[in-house]
2 protein chains.
Amino acid sequence: MHNGDALPSAVTVIEVGPRDGFQMEKTFIPTAAKVAVINEMLEAGLREIEVTSFVSPRAVPQLADAAEVLAAIDRPEGAMFTALVPNAKGAERAVAARIGAMITILSASETHNRKNVNRAVEDSLKGCEAIVEIAGQAGIPVHGAIATAFGCPFEGEIAFHRIVSIAKRYATLGIHRVGLGDTTGMATPRLVRERVRALQDALPDISITLHFHNTRGVGLVNVMAGLDEGITRYDSSIAGLGGCPFAAGATGNICTEDLIFMLDECGIETGIDLERLIGVANHVQEIIGRSLPGQLMKAGPRLRTHQTEAVATAHG
Amino acid sequence: MHNGDALPSAVTVIEVGPRDGFQMEKTFIPTAAKVAVINEMLEAGLREIEVTSFVSPRAVPQLADAAEVLAAIDRPEGAMFTALVPNAKGAERAVAARIGAMITILSASETHNRKNVNRAVEDSLKGCEAIVEIAGQAGIPVHGAIATAFGCPFEGEIAFHRIVSIAKRYATLGIHRVGLGDTTGMATPRLVRERVRALQDALPDISITLHFHNTRGVGLVNVMAGLDEGITRYDSSIAGLGGCPFAAGATGNICTEDLIFMLDECGIETGIDLERLIGVANHVQEIIGRSLPGQLMKAGPRLRTHQTEAVATAHG
């Protein structure tokens with residue numbers, strides 16, 4: 001462990017379900033339902049939420065109501081709302097919608113970037129310049145996400161210096177908060193350690209957000225590896241909403257309630273009420289209409305005891 | 001971390017699916033299918049398998065074929081087959097079936113023990129004496145399992161000195177290999193650390209096996225905590241077979257393939273071929289006839305890359 005026995009005392013959990021989860025749903029979720037869920041998340045104590053994406057409504061009809069969602073949600077003190085912004089037009093829409101921070105995304109893998117946005121990584125980086133300029137004029141910060149930061153489903157391994165070099169380019173543009181996206185669940189504790197250390201060595205002022213998927217079952221193990229390195233910002237999705245585009249039936253984002261449970265049990269402050277958050281997860285599952293991957297929502301809190309007369313057990 | 005950066009270099013993964021998983025299935029699984037699955041596990045490199053239980057065939061009809069299974073499976077060199085043994089009668093059946101080691105089980109929680117075997121813990125301990133005697137005469141080792149070792153669904157928290165005191169009683173009986181069972185998924189990294197250290201302090205010669213459930217999503221996180229403490233024996237179940245008797249739809253045992261993936265990626269030797277094991281998991285899923293919790297079996301190995309023309313992705 002990098003930091004001896006000391007894990008961070010507090011962590012920011014960034015809820016990405018309303019963007020990264022909802023965008024994968026084929027049936028349109030009514031704007032009022034989206035707003036209700038986001039407001040419930042705020043009531044449960046979440047303070048940073050990726051609420052939507054200002055992509056083309058034709059490309060992602062599910063998020064065509066980005067501006068309406070941002071206009072309707074509660075805005076309690078300390079709440080930060082972010083959205084994905086793919087280009088200058090999106091940035092202008094985001095400014096008009098009073099976004100708290102814009103998130104640009106590009107892939108560490110050339111092949112994945114071309115598949116995802118039909119451009120070379122270099123062209124994506126150039127596209128960021130326009131976004132940064134529009135955001136800067138409006139006084140809005142920009143965060144830079146790097147997809148396939150732990151491996152690419154087309155190219156395989158991604159060298160860590162590739163991540164460092166993109167983060168340096170982001171820094172040149174004035175983007176110092178960088179997210180490492182484990183797009184298809186290829187992260188491992190060793191890769192987390194290696195990439196975090198390399199980034200911190202190259203860019204001492206960088207603020208790193210880790211975005212893990214549970215596609216291969218080790219999403220929360222990777223969070224522990226990040227905590228060991230002192231990282232205090234983690235993306236997750238309510239109820240584990242959002243799949244993996246490369247494996248039918250496979251899990252996507254790590255689940256927010258399960259993450260909060262683990263952090264609680266490690267004595268790490270998040271400011272989030274787990275019981276209330278489980279309620280939100282159940283509400284989201286009702287809206288989506290199928291069973292979602294979250295475990296806490298099925299098992300309940302750790303110390304919710306049963307009546308002794310209620311259950312017959314197997315041996316062991 | 002207890003051991004600095006040093007994780008164990010090798011780990012024994014004990015497959016419990018044929019007992020702990022199959023026993024929960026309502027439809028009888030043909031003996032030949034059980035034998036085929038166990039043989040495939042051996043071919044994939046597993047060398048310690050909890051194959052069945054010598055409980056009353058009336059209580060658990062699914063495992064009424066215990067002796068037939070043990071008579072039919074391959075017995076490659078180095079393979080160790082274990083079975084749950086609840087009483088003297090079971091011990092005699094196990095000896096006749098050429099079991100490699102017997103597993104006794106009792107619960108750290110009085111309430112859970114009464115629900116599970118309708119006896120006080122003290123009476124369960126007394127029952128172990130007869131098992132140990134029969135096993136000893138046959139030259140067969142006995143392992144002692146402690147259920148609800150990290151919390152009880154009826155009583156809530158279980159004090160760690162309770163675990164230590166049961167382990168000491170086991171030691172008095174000549175049982176020095178002890179398993180801590182996380183029966184309903186209440187283990188946390190802190191509890192793992194605390195219990196392992198207390199046991200090792202009280203009983204320096206103890207061999208500890210950790211048996212985690214993924215009921216609250218942190219099963220593999222708890223394995224990492226065990227590895228940090230130098231523990232080298234872990235139970236798991238192929239495909240994550242086996243549920244939680246206290247929460248419908250909740251996950252039970254951690255999944256063997258997912259565990260092997262994590263250990264592989266941490267550079268820890270297990271002697272198991274992950275690709276072959278995924279094949280076994282898929283076979284088990286076919287036999288069971290419903291989707292099982294394992295993640296690797298859905299996502300595939302980490303570096304199985306896709307053809308670039310095959311997939312369209314969402315943004316991020």
# chains A, B, ... in the order shown; residues from 1 in each chain; ligands from 1
call {"tool": "closest_atom_pairs", "arguments": {"of": "chain A", "to": "chain B", "cutoff": "8 Å", "atoms": "only C-alpha atoms", "output": "Markdown table"}}
result
| residue | atom | partner | partner_atom | distance |
| --- | --- | --- | --- | --- |
| A:Met1 | CA | B:Asp5 | CA | 5.7 |
| A:Gly4 | CA | B:Met1 | CA | 6.5 |
| A:Asp5 | CA | B:Met1 | CA | 5.7 |
| A:Asp20 | CA | B:Gly316 | CA | 7.5 |
| A:Gln23 | CA | B:Ala314 | CA | 7.9 |
| A:Met24 | CA | B:Ala314 | CA | 7.5 |
| A:Ile105 | CA | B:Gly316 | CA | 7.0 |
| A:Thr111 | CA | B:Thr308 | CA | 7.5 |
| A:Lys115 | CA | B:Ala312 | CA | 6.8 |
| A:Asn116 | CA | B:Thr313 | CA | 5.7 |
| A:Val117 | CA | B:His315 | CA | 7.4 |
| A:Ala147 | CA | B:Gly316 | CA | 6.4 |
| A:Cys152 | CA | B:Thr305 | CA | 7.7 |
| A:Pro153 | CA | B:Thr305 | CA | 4.9 |
| A:Phe154 | CA | B:Thr305 | CA | 5.0 |
| A:Glu155 | CA | B:Thr305 | CA | 6.7 |
| A:Gly156 | CA | B:Leu303 | CA | 5.6 |
| A:Glu157 | CA | B:Leu303 | CA | 7.5 |
| A:Thr183 | CA | B:Gly316 | CA | 7.0 |
| A:Gly185 | CA | B:Arg302 | CA | 8.0 |
| A:Met186 | CA | B:Arg302 | CA | 5.8 |
| A:Thr188 | CA | B:Glu265 | CA | 6.5 |
| A:Pro189 | CA | B:Cys266 | CA | 7.2 |
| A:Arg190 | CA | B:Cys266 | CA | 6.7 |
| A:Thr215 | CA | B:Gln295 | CA | 6.1 |
| A:Arg216 | CA | B:Gln295 | CA | 5.1 |
| A:Gly217 | CA | B:Gln295 | CA | 5.6 |
| A:Val218 | CA | B:Leu220 | CA | 6.9 |
| A:Leu220 | CA | B:Val221 | CA | 6.6 |
| A:Val221 | CA | B:Val221 | CA | 5.1 |
| A:Met224 | CA | B:Val221 | CA | 7.5 |
| A:Pro245 | CA | B:Thr313 | CA | 6.0 |
| A:Phe246 | CA | B:Val311 | CA | 7.0 |
| A:Ala247 | CA | B:Ala299 | CA | 5.5 |
| A:Ala248 | CA | B:Lys298 | CA | 7.4 |
| A:Gly249 | CA | B:Lys298 | CA | 6.6 |
| A:Ala250 | CA | B:Lys298 | CA | 5.4 |
| A:Thr251 | CA | B:Gln295 | CA | 7.4 |
| A:Asp258 | CA | B:Gly217 | CA | 6.0 |
| A:Met262 | CA | B:Val218 | CA | 7.0 |
| A:Glu265 | CA | B:Thr188 | CA | 6.5 |
| A:Cys266 | CA | B:Arg190 | CA | 6.7 |
| A:Gly294 | CA | B:Gly217 | CA | 7.7 |
| A:Gln295 | CA | B:Arg216 | CA | 5.1 |
| A:Leu296 | CA | B:Arg216 | CA | 5.2 |
| A:Lys298 | CA | B:Ala250 | CA | 5.4 |
| A:Ala299 | CA | B:Ala247 | CA | 5.5 |
| A:Arg302 | CA | B:Met186 | CA | 5.8 |
| A:Leu303 | CA | B:Gly156 | CA | 5.6 |
| A:Arg304 | CA | B:Pro153 | CA | 7.3 |
| A:Thr305 | CA | B:Pro153 | CA | 4.9 |
| A:His306 | CA | B:Phe154 | CA | 5.1 |
| A:Gln307 | CA | B:Phe154 | CA | 6.5 |
| A:Thr308 | CA | B:Phe154 | CA | 6.2 |
| A:Val311 | CA | B:Phe246 | CA | 6.9 |
| A:Ala312 | CA | B:Lys115 | CA | 6.8 |
| A:Thr313 | CA | B:Asn116 | CA | 5.8 |
| A:Ala314 | CA | B:Asn116 | CA | 6.7 |
| A:His315 | CA | B:Asn116 | CA | 6.1 |
| A:Gly316 | CA | B:Ala147 | CA | 6.4 |
call {"tool": "select_by_dssp", "arguments": {"residues": "range 20-224 of chain A", "states": "strand (DSSP E or B)", "output": "number ranges by chain"}}
result
A: 48-53, 80-84, 101-107, 142-147, 149, 151-152, 156, 177-181, 207-211, 213
call {"tool": "closest_residue", "arguments": {"among": "A:His161, A:His211, A:Arg75, A:Arg177", "to": "Ala101 in chain A", "atoms": "only C-alpha atoms"}}
result
A:Arg177
call {"tool": "select_by_dssp", "arguments": {"residues": "range 138-266 of chain B", "states": "alpha helix (DSSP H)", "output": "number ranges by chain"}}
result
B: 160-172, 189-202, 219-228, 256-265
call {"tool": "write_last_selection", "arguments": {"atoms": "C-alpha atoms", "output": "CSV table (one decimal), in the first residue's frame"}}
result
chain,number,residue,atom,x,y,z
B,160,PHE,CA,-14.4,-11.5,17.5
B,161,HIS,CA,-13.6,-13.2,20.8
B,162,ARG,CA,-16.5,-15.5,20.1
B,163,ILE,CA,-14.7,-16.7,17.0
B,164,VAL,CA,-11.4,-17.1,18.9
B,165,SER,CA,-13.1,-19.1,21.6
B,166,ILE,CA,-14.7,-21.5,19.1
B,167,ALA,CA,-11.4,-21.9,17.2
B,168,LYS,CA,-9.7,-22.8,20.6
B,169,ARG,CA,-12.4,-25.4,21.2
B,170,TYR,CA,-11.7,-26.8,17.7
B,171,ALA,CA,-8.0,-26.8,18.5
B,172,THR,CA,-8.7,-28.8,21.7
B,189,PRO,CA,-12.2,-5.5,5.2
B,190,ARG,CA,-12.0,-4.2,8.8
B,191,LEU,CA,-13.7,-7.3,10.3
B,192,VAL,CA,-11.5,-9.6,8.1
B,193,ARG,CA,-8.3,-7.9,9.4
B,194,GLU,CA,-9.5,-7.9,13.0
B,195,ARG,CA,-10.6,-11.6,13.1
B,196,VAL,CA,-7.6,-12.9,11.2
B,197,ARG,CA,-5.2,-11.1,13.5
B,198,ALA,CA,-7.0,-12.2,16.7
B,199,LEU,CA,-7.0,-15.8,15.6
B,200,GLN,CA,-3.4,-15.8,14.6
B,201,ASP,CA,-2.4,-14.1,17.9
B,202,ALA,CA,-4.4,-16.7,19.9
B,219,GLY,CA,-16.7,-10.4,-1.6
B,220,LEU,CA,-13.5,-9.9,-3.6
B,221,VAL,CA,-12.6,-6.8,-1.6
B,222,ASN,CA,-12.7,-9.0,1.5
B,223,VAL,CA,-10.4,-11.5,-0.3
B,224,MET,CA,-7.9,-8.7,-0.9
B,225,ALA,CA,-8.1,-7.9,2.8
B,226,GLY,CA,-7.4,-11.6,3.6
B,227,LEU,CA,-4.5,-11.6,1.1
B,228,ASP,CA,-3.1,-8.4,2.8
B,256,THR,CA,-14.5,-18.9,-8.6
B,257,GLU,CA,-13.6,-17.6,-12.1
B,258,ASP,CA,-13.9,-14.0,-11.0
B,259,LEU,CA,-11.6,-14.8,-8.0
B,260,ILE,CA,-9.1,-16.6,-10.3
B,261,PHE,CA,-9.1,-13.6,-12.6
B,262,MET,CA,-8.3,-11.2,-9.7
B,263,LEU,CA,-5.6,-13.4,-8.4
B,264,ASP,CA,-4.1,-13.9,-11.9
B,265,GLU,CA,-4.0,-10.1,-12.3
call {"tool": "residues_around", "arguments": {"residues": "Thr27 in chain A", "least_positions_apart": "5", "cutoff": "10 Å", "atoms": "only C-alpha atoms", "output": "JSON list (two decimals) with C-alpha atoms, in the first residue's frame"}}
result
[["chain", "number", "residue", "atom", "x", "y", "z"],
["A", 22, "PHE", "CA", -30.02, 6.27, -18.76],
["A", 61, "PRO", "CA", -32.68, 10.63, -28.15],
["A", 62, "GLN", "CA", -32.83, 9.48, -24.52],
["A", 288, "ILE", "CA", -36.27, 0.76, -15.74]]
call {"tool": "closest_residue", "arguments": {"among": "A:Ala88, A:Ile103, A:His283, A:Gly252", "to": "Ala36 in chain A", "atoms": "only C-alpha atoms"}}
result
A:His283
call {"tool": "residues_around", "arguments": {"residues": "range 96-99 of chain A", "least_positions_apart": "2", "cutoff": "12 Å", "atoms": "only C-alpha atoms", "output": "PyMOL selection string"}}
result
chain A and resi 48-54+65-73+75+79-85+89-94+101-103+134-135+138-142
call {"tool": "atom_distance", "arguments": {"atom1": "CA of Gly243 in chain A", "atom2": "CA of His213 in chain A"}}
result
9.0 Å
call {"tool": "residues_around", "arguments": {"residues": "Gly45 in chain A", "least_positions_apart": "2", "cutoff": "10 Å", "atoms": "only C-alpha atoms", "output": "list in words"}}
result
Asn39, Glu40, Met41, Leu42, Glu43, Arg47, Glu48, Ala79, Thr270, Gly271, Ile272, Asp273, Leu274, Arg276 and Leu277 of chain A
call {"tool": "write_last_selection", "arguments": {"atoms": "N, CA and C atoms", "output": "mmCIF file, in the first residue's frame"}}
result
data_model
loop_
_atom_site.group_PDB
_atom_site.id
_atom_site.type_symbol
_atom_site.label_atom_id
_atom_site.label_comp_id
_atom_site.auth_asym_id
_atom_site.auth_seq_id
_atom_site.Cartn_x
_atom_site.Cartn_y
_atom_site.Cartn_z
ATOM 1 N N ASN A 39 -33.468 14.474 -7.897
ATOM 2 C CA ASN A 39 -33.803 15.153 -6.636
ATOM 3 C C ASN A 39 -33.702 14.210 -5.441
ATOM 4 N N GLU A 40 -34.107 12.954 -5.634
ATOM 5 C CA GLU A 40 -33.967 11.962 -4.546
ATOM 6 C C GLU A 40 -32.498 11.700 -4.223
ATOM 7 N N MET A 41 -31.669 11.692 -5.254
ATOM 8 C CA MET A 41 -30.222 11.517 -5.023
ATOM 9 C C MET A 41 -29.677 12.664 -4.182
ATOM 10 N N LEU A 42 -30.126 13.874 -4.489
ATOM 11 C CA LEU A 42 -29.687 15.042 -3.713
ATOM 12 C C LEU A 42 -30.141 14.903 -2.262
ATOM 13 N N GLU A 43 -31.380 14.438 -2.068
ATOM 14 C CA GLU A 43 -31.901 14.265 -0.699
ATOM 15 C C GLU A 43 -31.109 13.209 0.064
ATOM 16 N N ARG A 47 -23.764 14.983 -3.944
ATOM 17 C CA ARG A 47 -23.530 16.394 -4.231
ATOM 18 C C ARG A 47 -22.841 16.633 -5.565
ATOM 19 N N GLU A 48 -22.460 15.580 -6.248
ATOM 20 C CA GLU A 48 -21.921 15.754 -7.595
ATOM 21 C C GLU A 48 -22.590 14.707 -8.481
ATOM 22 N N ALA A 79 -24.339 21.654 -4.381
ATOM 23 C CA ALA A 79 -24.547 20.652 -5.428
ATOM 24 C C ALA A 79 -23.804 21.056 -6.697
ATOM 25 N N THR A 270 -18.687 10.008 3.279
ATOM 26 C CA THR A 270 -19.178 10.384 1.946
ATOM 27 C C THR A 270 -20.317 11.392 2.044
ATOM 28 N N GLY A 271 -20.901 11.549 3.231
ATOM 29 C CA GLY A 271 -22.038 12.452 3.383
ATOM 30 C C GLY A 271 -23.335 11.881 2.849
ATOM 31 N N ILE A 272 -23.347 10.596 2.515
ATOM 32 C CA ILE A 272 -24.525 10.003 1.869
ATOM 33 C C ILE A 272 -25.225 9.035 2.819
ATOM 34 N N ASP A 273 -26.550 9.108 2.806
ATOM 35 C CA ASP A 273 -27.399 8.267 3.653
ATOM 36 C C ASP A 273 -27.704 6.976 2.875
ATOM 37 N N LEU A 274 -27.084 5.872 3.291
ATOM 38 C CA LEU A 274 -27.181 4.618 2.525
ATOM 39 C C LEU A 274 -28.618 4.098 2.431
ATOM 40 N N ARG A 276 -31.408 5.750 2.461
ATOM 41 C CA ARG A 276 -32.158 6.552 1.477
ATOM 42 C C ARG A 276 -31.711 6.232 0.065
ATOM 43 N N LEU A 277 -30.421 6.011 -0.087
ATOM 44 C CA LEU A 277 -29.906 5.744 -1.434
ATOM 45 C C LEU A 277 -30.430 4.405 -1.960
#
